[in-house]
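J.: Let me begin by handing over the structure; questions about it come next.
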Number of protein chains: 2
Amino acid sequence: VTRQAGVGQDVVRRVNLSHVLRLLHASGPRTRAELTAFTGLNRSTVAALVADLAARQLVTEGEARATGTPGRPSPMVSLRTDRHVVLALDVGVDSLAAATVALGGHRLAHVRLERPRRRTVVDTTIEDLGTLADEVLGELGRGHRLVGIGVSVAGLVRTDDGFVHVAPNLGWRDVALAELLRARLRRRVPIAVANDADAGALAERVHGAGRGVDDLVYISGEVGVGGGVIVDGRPLRGVGGYAGEIGHIPVDVDGLPCVCGAVGCWETRVGEAALLRLAGEPEEGGRDAVDRVLAAAEEGDAVALGALEELGRWMAVGLAAIANVFDPQRIVLGGLHGRVHPYLNGQVAEPPRSELLTVREPVQIVPAVLADSSLAGAAELAFGAILDDPTTVAPQRTGARAARTQEPVT
Amino acid sequence: VTRQAGVGQDVVRRVNLSHVLRLLHASGPRTRAELTAFTGLNRSTVAALVADLAARQLVTEGEARATGTPGRPSPMVSLRTDRHVVLALDVGVDSLAAATVALGGHRLAHVRLERPRRRTVVDTTIEDLGTLADEVLGELGRGHRLVGIGVSVAGLVRTDDGFVHVAPNLGWRDVALAELLRARLRRRVPIAVANDADAGALAERVHGAGRGVDDLVYISGEVGVGGGVIVDGRPLRGVGGYAGEIGHIPVDVDGLPCVCGAVGCWETRVGEAALLRLAGEPEEGGRDAVDRVLAAAEEGDAVALGALEELGRWMAVGLAAIANVFDPQRIVLGGLHGRVHPYLNGQVAEPPRSELLTVREPVQIVPAVLADSSLAGAAELAFGAILDDPTTVAPQRTGARAARTQEPVT
């Protein structure tokens, strides 16, 4: 028998504070009247919730203004970007990045370091991330307070403790990433680590191509092919946090060896190396080679177009698997697959291999819209604790506003 | 922006009533002291919740008895099986079944009708289900009250309205199953329809091989191969209710045509027809032929054992896909795959094709334990509304017990 927790008053208050804060975080400033309409709570409850969030310096209330509808003018509620910030870090196969980010996904500072592939010594990576972090943190204002660190990494992550089990395209195995970063950064804030595709899915859902979509699969197609899955509005984790490894669905068991050690994974057919091989480029050609293939396709080059067509055929196979397994409303193609999306339409709009796809509402297949979904997702990870439970931020006692939060909030 | 509902008092009460009722439903009678320990609520709250459930005739409180631990004796709380019942129906490829089931999964009456495959005319099926239903409902006691109907069917179901889009192994397409049954049964209670694997997953999780497991995949292997997925304690539905069609993951795209219209689905390699083909039996041989193959394997027959070994090779491919995509704690093999499980151990315990499976806690692969998971799951479906919200059952006003429920319950 699983131990099941009952629900008390404190949970109600937390859930309602979280609803209001997430609404503002995802959709920008709202009047109190709008918050009342969206939450379905009564006006006095929403006023108390907003006062509570204001006391915690998470939001600010502007002057009341007329809304054009009957009734009293309603004050505008905005997120504060001058107080709580997170540090977002991204460990990619050929780059490292750091950013400081405020509520609402507002980016304060951002640096990026390109680096050669397959030379990702762990110690050097930690040191480089530390340097990037110092740079963006050094630009924070005096009022800013760091409340969390989020890290996105191109590998298989045990989310509970930020341990990277294996990152084939980095050449890593068993790296205690959160622990190493904690020692280097020396900040007394939580560090959350996630797979880059899981992070990308979070960001695209809140700020990008997946806004308002509760059943979403994000495909992070770069050197490796990963997946981030949102089910009924919540990230699919699995028992260890490893769910969503769609690049390693075996679609071609007598096919090519995969970097993961298995044979015929989807990644071997739709990853960057597959496209380059099909187009007659060196598999290790990297971004430059991909750029050449896409430029050639743009000009109508037959070899490049043929390569994209074959890639599309295999894309359709994996997309059919994803559709049949998750029944998502939308699949968001990130990275490489976002770039090749215009050439895939023929295959992925009418997948030839699965009748199951055609008996129901067709799944929407769209490119990602954020320039760097995984870095943005690292910030979402870091803000997760506050967004889920704003009471983790202590209220500041400053006059009348603080007094109001003494009232019970339901 | 998604409209998000705030949480009020009524929700707290419903959630707590649901916790207590589900606990009793899954694990049998408990003392009030045990319920207090399991829910983490205080004693007076639990007493009020139990009184509320008793007034709704969902539970009964026995005499207080000493528990062997310090403190007052605590009354035993049991589910009532003499009041609320559901009708469970199962539409299989070669049989129909009906049962009346009380809370706790207690089966009151049960009938089953074998029938030839591929002769499943819709009208005849509805009429046969009606006859079976009349039979088991006719045996109910005078105190019994039918509160719901659950239907499990070997097809792709739109759960919102119980519409069967396609059921390849029944030869059905676009069957308004819930509507047809409503017209035939003429009972004013909700009818919930689900895919047989989704139903099986529910039942195995509550009463079978998946007890207490929050991340679970149930494989319903019969003529077709379906999947029921539990993610973080909740059924994976997808946007239309079609999620979990793991039998139609394309693992062999240059392989055999599938009954679904696609090519190389996992089902073509691990379904009943695949086993019979490998064993040199006619593919349409049915249960008798499967029995012959398993009996021969039992006696050490080389052809039968070779067939099972090859089946196991393909089982490992699909299980790797499932593990990589869902990261479940446990995979429960139902039907055919539960029967062949003893022969699969070599392949599925050490899957040769996916290193990803080996870098983390190995997934547990176990056979189902319920004799008919999908019928049991149909009952779970039908009880779902009451288990989620016991207040949908009106309290009976009978003396002192009813009076107690006037108190607010938090």
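By order of appearance in the structure tokens: chains A, B, ..., then residues from 1 within every chain, and ligands from 1 in the order shown.
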Which residues are close to B:Val101, i.e. within 10 Å by only C-alpha atoms, leaving aside same-chain residues fewer than 4 positions away? Reply as a PDB file with C-alpha atoms, in the first residue's frame.
T.:
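Saved as around.pdb:
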```pdb
ATOM      1  CA  THR B  81     -20.251  -4.858  -0.860  1.00  0.00           C
ATOM      2  CA  HIS B  84     -23.043  -0.092  -4.725  1.00  0.00           C
ATOM      3  CA  VAL B  85     -22.126  -2.331  -7.648  1.00  0.00           C
ATOM      4  CA  VAL B  86     -20.902  -1.854 -11.194  1.00  0.00           C
ATOM      5  CA  LEU B  87     -21.369  -3.870 -14.357  1.00  0.00           C
ATOM      6  CA  ALA B  88     -18.109  -4.815 -16.093  1.00  0.00           C
ATOM      7  CA  GLY B 105     -13.000  -5.582  -6.748  1.00  0.00           C
ATOM      8  CA  HIS B 106     -15.243  -8.199  -5.132  1.00  0.00           C
ATOM      9  CA  ARG B 107     -16.896 -10.121  -7.962  1.00  0.00           C
ATOM     10  CA  LEU B 108     -20.559 -11.025  -7.373  1.00  0.00           C
ATOM     11  CA  ALA B 109     -21.471 -12.834 -10.614  1.00  0.00           C
ATOM     12  CA  HIS B 110     -19.526 -13.606 -13.781  1.00  0.00           C
ATOM     13  CA  VAL B 136     -25.464 -11.119 -14.045  1.00  0.00           C
ATOM     14  CA  LEU B 146     -25.992  -0.193 -10.042  1.00  0.00           C
ATOM     15  CA  ALA B 376     -11.323  -6.461 -13.801  1.00  0.00           C
ATOM     16  CA  ALA B 378     -13.604  -2.527 -16.749  1.00  0.00           C
ATOM     17  CA  ALA B 379     -14.917  -2.606 -13.175  1.00  0.00           C
ATOM     18  CA  GLU B 380     -12.170  -0.191 -12.092  1.00  0.00           C
ATOM     19  CA  ALA B 382     -16.822   2.044 -13.737  1.00  0.00           C
ATOM     20  CA  PHE B 383     -15.863   2.729 -10.106  1.00  0.00           C
TER      21      PHE B 383
END
```
J.: Step one, run DSSP on the backbone; step two, keep only residues of stretch 129-233 of chain A assigned to strand (DSSP E or B); then write them as a ChimeraX atom specification.
T.: /A:145-153,156-158,163-167,172-175,191-195,216-221,225-231
J.: Pick from A:Leu319, A:Val93, A:Leu181, A:Leu79: nearest to chain B, with only C-alpha atoms counted?
T.: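 Closest to chain B of all the choices is A:Leu319.
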J.: Residues at most 12 Å from B:Arg43, counting only C-alpha atoms, excluding those fewer than 2 positions away in the same chain, as a list in words?
T.: Gly6 of chain A; Thr31, Arg32, Ala33, Glu34, Leu35, Thr36, Ala37, Phe38, Thr39, Gly40, Leu41, Thr45, Val46, Ala47, Ala48, Leu49, Val50, Arg72, Ser74 and Thr410 of chain B
J.: Compare B:Val121, B:Val317, B:Val363, B:Ala243 by their minimum atom-to-atom distance to B:Cys265, counting only C-alpha atoms, and give me the closest one.
T.: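 Answer, going by the shortest atom-to-atom distance: B:Val317.
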J.: Looking only at the backbone, which of the residues in stretch 113-217 of chain A does DSSP tag as alpha helix (DSSP H), as a PyMOL selection string?
T.: chain A and resi 122-138+177-185+196-207
J.: Find the residues around A:Val223 up to 8 Å (only C-alpha atoms counted), leave out those fewer than 3 positions away in its own chain, and share them as a PyMOL selection string.
T.: chain A and resi 93+169+271-273
J.: Calculate how many Å separate atom CA of B:Val225 from atom CA of B:His25, rounding to one decimal.
T.: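 Going from atom CA of B:Val225 over to atom CA of B:His25, I get 29.0 Å.
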J.: Which of these residues is nearest to chain B, using only C-alpha atoms: A:Ala98, A:Ala289, A:Leu236, A:Ala304?
T.: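 Result for the nearest residue to chain B: A:Leu236.
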J.: Nearest to A:Ile191 among A:Val151, A:Ala51, A:Tyr218, A:Arg339, with distances taken over only C-alpha atoms: which residue is it?
T.: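 When distances to A:Ile191 are compared using only C-alpha atoms, the smallest one comes from A:Val151.
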J.: Just the residues within 10 Å of stretch 164-166 of chain B, please, counting only C-alpha atoms, with nothing from its chain fewer than 5 positions along; format it as a compact mmCIF listing (two decimals) with all heavy atoms, in the first residue's frame.
T.:
```txt
# COMPACT_ATOMS: atom_id res chain seq x y z
N LEU A 356 -2.67 4.16 -38.06
CA LEU A 356 -3.14 4.65 -36.77
C LEU A 356 -3.11 6.17 -36.71
O LEU A 356 -3.95 6.79 -36.09
CB LEU A 356 -2.27 4.10 -35.64
CG LEU A 356 -2.61 2.68 -35.23
CD1 LEU A 356 -1.58 2.19 -34.23
CD2 LEU A 356 -4.00 2.62 -34.62
N VAL A 359 -6.43 7.73 -38.24
CA VAL A 359 -7.79 7.49 -37.78
C VAL A 359 -8.25 8.50 -36.75
O VAL A 359 -9.36 8.47 -36.29
CB VAL A 359 -7.97 6.07 -37.18
CG1 VAL A 359 -7.68 5.02 -38.22
CG2 VAL A 359 -7.14 5.88 -35.94
N ARG A 360 -7.38 9.37 -36.34
CA ARG A 360 -7.76 10.33 -35.33
C ARG A 360 -7.32 11.72 -35.76
O ARG A 360 -6.73 11.89 -36.81
CB ARG A 360 -7.08 9.96 -34.02
CG ARG A 360 -5.59 9.83 -34.19
CD ARG A 360 -4.97 9.21 -32.99
NE ARG A 360 -3.57 9.00 -33.22
CZ ARG A 360 -2.82 8.17 -32.53
NH1 ARG A 360 -3.36 7.47 -31.57
NH2 ARG A 360 -1.56 8.03 -32.78
N VAL B 153 -12.45 -3.00 -24.38
CA VAL B 153 -12.58 -3.50 -25.75
C VAL B 153 -11.22 -3.53 -26.44
O VAL B 153 -10.38 -2.64 -26.22
CB VAL B 153 -13.60 -2.64 -26.55
CG1 VAL B 153 -13.17 -1.18 -26.60
CG2 VAL B 153 -13.82 -3.18 -27.95
N ALA B 154 -11.01 -4.55 -27.24
CA ALA B 154 -9.74 -4.74 -27.94
C ALA B 154 -9.67 -3.81 -29.15
O ALA B 154 -9.68 -4.25 -30.31
CB ALA B 154 -9.58 -6.20 -28.38
N GLY B 155 -9.63 -2.51 -28.91
CA GLY B 155 -9.59 -1.55 -30.00
C GLY B 155 -9.15 -0.18 -29.52
O GLY B 155 -8.89 0.03 -28.34
N LEU B 156 -9.08 0.75 -30.47
CA LEU B 156 -8.64 2.11 -30.21
C LEU B 156 -9.87 2.94 -29.84
O LEU B 156 -10.75 3.15 -30.66
CB LEU B 156 -8.01 2.65 -31.50
CG LEU B 156 -6.86 3.63 -31.39
CD1 LEU B 156 -5.67 3.02 -30.68
CD2 LEU B 156 -6.43 4.07 -32.78
N VAL B 157 -9.91 3.42 -28.60
CA VAL B 157 -11.12 4.03 -28.06
C VAL B 157 -10.92 5.52 -27.80
O VAL B 157 -9.92 5.92 -27.21
CB VAL B 157 -11.52 3.36 -26.72
CG1 VAL B 157 -12.76 4.01 -26.13
CG2 VAL B 157 -11.72 1.87 -26.92
N ARG B 158 -11.88 6.33 -28.25
CA ARG B 158 -11.92 7.73 -27.82
C ARG B 158 -12.66 7.73 -26.49
O ARG B 158 -13.88 7.51 -26.46
CB ARG B 158 -12.64 8.58 -28.87
CG ARG B 158 -12.62 10.07 -28.57
CD ARG B 158 -13.15 10.87 -29.75
NE ARG B 158 -14.56 10.61 -29.97
CZ ARG B 158 -15.17 10.70 -31.15
NH1 ARG B 158 -14.51 11.05 -32.23
NH2 ARG B 158 -16.46 10.43 -31.27
N THR B 159 -11.90 7.95 -25.39
CA THR B 159 -12.49 7.71 -24.07
C THR B 159 -13.58 8.72 -23.71
O THR B 159 -14.46 8.40 -22.93
CB THR B 159 -11.38 7.72 -22.98
OG1 THR B 159 -10.51 8.82 -23.23
CG2 THR B 159 -10.58 6.44 -23.03
N GLY B 171 -12.37 -6.42 -36.55
CA GLY B 171 -12.90 -6.00 -37.83
C GLY B 171 -13.85 -4.81 -37.72
O GLY B 171 -14.72 -4.60 -38.56
N TRP B 172 -13.70 -4.02 -36.64
CA TRP B 172 -14.58 -2.87 -36.42
C TRP B 172 -13.91 -1.57 -36.84
O TRP B 172 -12.71 -1.41 -36.72
CB TRP B 172 -14.92 -2.71 -34.94
CG TRP B 172 -15.87 -3.73 -34.40
CD1 TRP B 172 -16.35 -4.84 -35.04
CD2 TRP B 172 -16.42 -3.75 -33.07
NE1 TRP B 172 -17.18 -5.54 -34.20
CE2 TRP B 172 -17.24 -4.89 -32.99
CE3 TRP B 172 -16.31 -2.91 -31.97
CZ2 TRP B 172 -17.94 -5.21 -31.82
CZ3 TRP B 172 -17.00 -3.23 -30.82
CH2 TRP B 172 -17.81 -4.37 -30.75
N ARG B 173 -14.74 -0.63 -37.26
CA ARG B 173 -14.29 0.72 -37.54
C ARG B 173 -15.45 1.67 -37.22
O ARG B 173 -16.59 1.41 -37.62
CB ARG B 173 -13.88 0.84 -39.01
CG ARG B 173 -13.26 2.16 -39.39
CD ARG B 173 -12.74 2.13 -40.82
NE ARG B 173 -11.39 1.58 -40.87
CZ ARG B 173 -10.28 2.31 -40.64
NH1 ARG B 173 -10.38 3.58 -40.36
NH2 ARG B 173 -9.10 1.76 -40.71
N ASP B 174 -15.17 2.73 -36.47
CA ASP B 174 -16.17 3.74 -36.15
C ASP B 174 -17.45 3.15 -35.56
O ASP B 174 -18.54 3.24 -36.14
CB ASP B 174 -16.50 4.56 -37.41
CG ASP B 174 -15.29 5.37 -37.88
OD1 ASP B 174 -14.39 5.62 -37.06
OD2 ASP B 174 -15.25 5.72 -39.07
N VAL B 175 -17.31 2.56 -34.39
CA VAL B 175 -18.46 1.98 -33.68
C VAL B 175 -18.74 2.82 -32.43
O VAL B 175 -17.86 2.96 -31.57
CB VAL B 175 -18.18 0.52 -33.28
CG1 VAL B 175 -19.32 -0.03 -32.43
CG2 VAL B 175 -17.96 -0.34 -34.52
N ALA B 176 -19.95 3.37 -32.33
CA ALA B 176 -20.32 4.18 -31.17
C ALA B 176 -20.73 3.23 -30.04
O ALA B 176 -21.91 3.12 -29.68
CB ALA B 176 -21.45 5.14 -31.53
N LEU B 177 -19.74 2.56 -29.45
CA LEU B 177 -20.00 1.45 -28.55
C LEU B 177 -20.80 1.87 -27.32
O LEU B 177 -21.78 1.22 -26.95
CB LEU B 177 -18.67 0.79 -28.14
CG LEU B 177 -18.77 -0.46 -27.26
CD1 LEU B 177 -19.61 -1.54 -27.94
CD2 LEU B 177 -17.39 -1.01 -26.95
N ALA B 178 -20.40 2.97 -26.68
CA ALA B 178 -21.11 3.41 -25.47
C ALA B 178 -22.58 3.70 -25.80
O ALA B 178 -23.49 3.32 -25.06
CB ALA B 178 -20.43 4.63 -24.87
N VAL B 193 -15.84 3.54 -21.42
CA VAL B 193 -15.23 2.54 -22.32
C VAL B 193 -13.74 2.81 -22.40
O VAL B 193 -13.31 3.96 -22.45
CB VAL B 193 -15.85 2.63 -23.73
CG1 VAL B 193 -15.27 1.53 -24.64
CG2 VAL B 193 -17.36 2.52 -23.67
N ALA B 194 -12.95 1.75 -22.42
CA ALA B 194 -11.49 1.91 -22.57
C ALA B 194 -10.91 0.76 -23.36
O ALA B 194 -11.49 -0.32 -23.45
CB ALA B 194 -10.81 2.00 -21.21
N ASN B 195 -9.78 1.02 -23.94
CA ASN B 195 -8.96 -0.01 -24.56
C ASN B 195 -8.64 -1.10 -23.55
O ASN B 195 -8.44 -0.82 -22.37
CB ASN B 195 -7.69 0.69 -25.05
CG ASN B 195 -6.64 -0.28 -25.51
OD1 ASN B 195 -5.79 -0.68 -24.72
ND2 ASN B 195 -6.70 -0.69 -26.75
N TYR B 242 -5.77 7.90 -26.85
CA TYR B 242 -5.23 6.80 -27.65
C TYR B 242 -3.80 6.40 -27.28
O TYR B 242 -3.17 5.61 -27.99
CB TYR B 242 -5.21 7.17 -29.14
CG TYR B 242 -6.52 7.65 -29.67
CD1 TYR B 242 -6.62 8.87 -30.33
CD2 TYR B 242 -7.66 6.88 -29.53
CE1 TYR B 242 -7.82 9.31 -30.83
CE2 TYR B 242 -8.87 7.31 -30.03
CZ TYR B 242 -8.95 8.54 -30.67
OH TYR B 242 -10.13 8.96 -31.16
N CYS B 260 -3.00 -3.15 -38.86
CA CYS B 260 -3.39 -1.73 -38.71
C CYS B 260 -3.19 -0.97 -40.01
O CYS B 260 -3.62 0.18 -40.12
CB CYS B 260 -2.60 -1.07 -37.59
SG CYS B 260 -0.92 -0.58 -38.03
```
J.: With only C-alpha atoms as the basis for distance, which of A:Val251, A:Ala102, A:Leu140, A:Ala199 is at the shortest distance from chain B?
T.: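 When distances to chain B are compared using only C-alpha atoms, the smallest one comes from A:Val251.
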J.: Using only C-alpha atoms, can you tell me which of B:Ala97, B:Val217, B:Val15, B:Leu137 comes closest to chain A?
T.: B:Val15
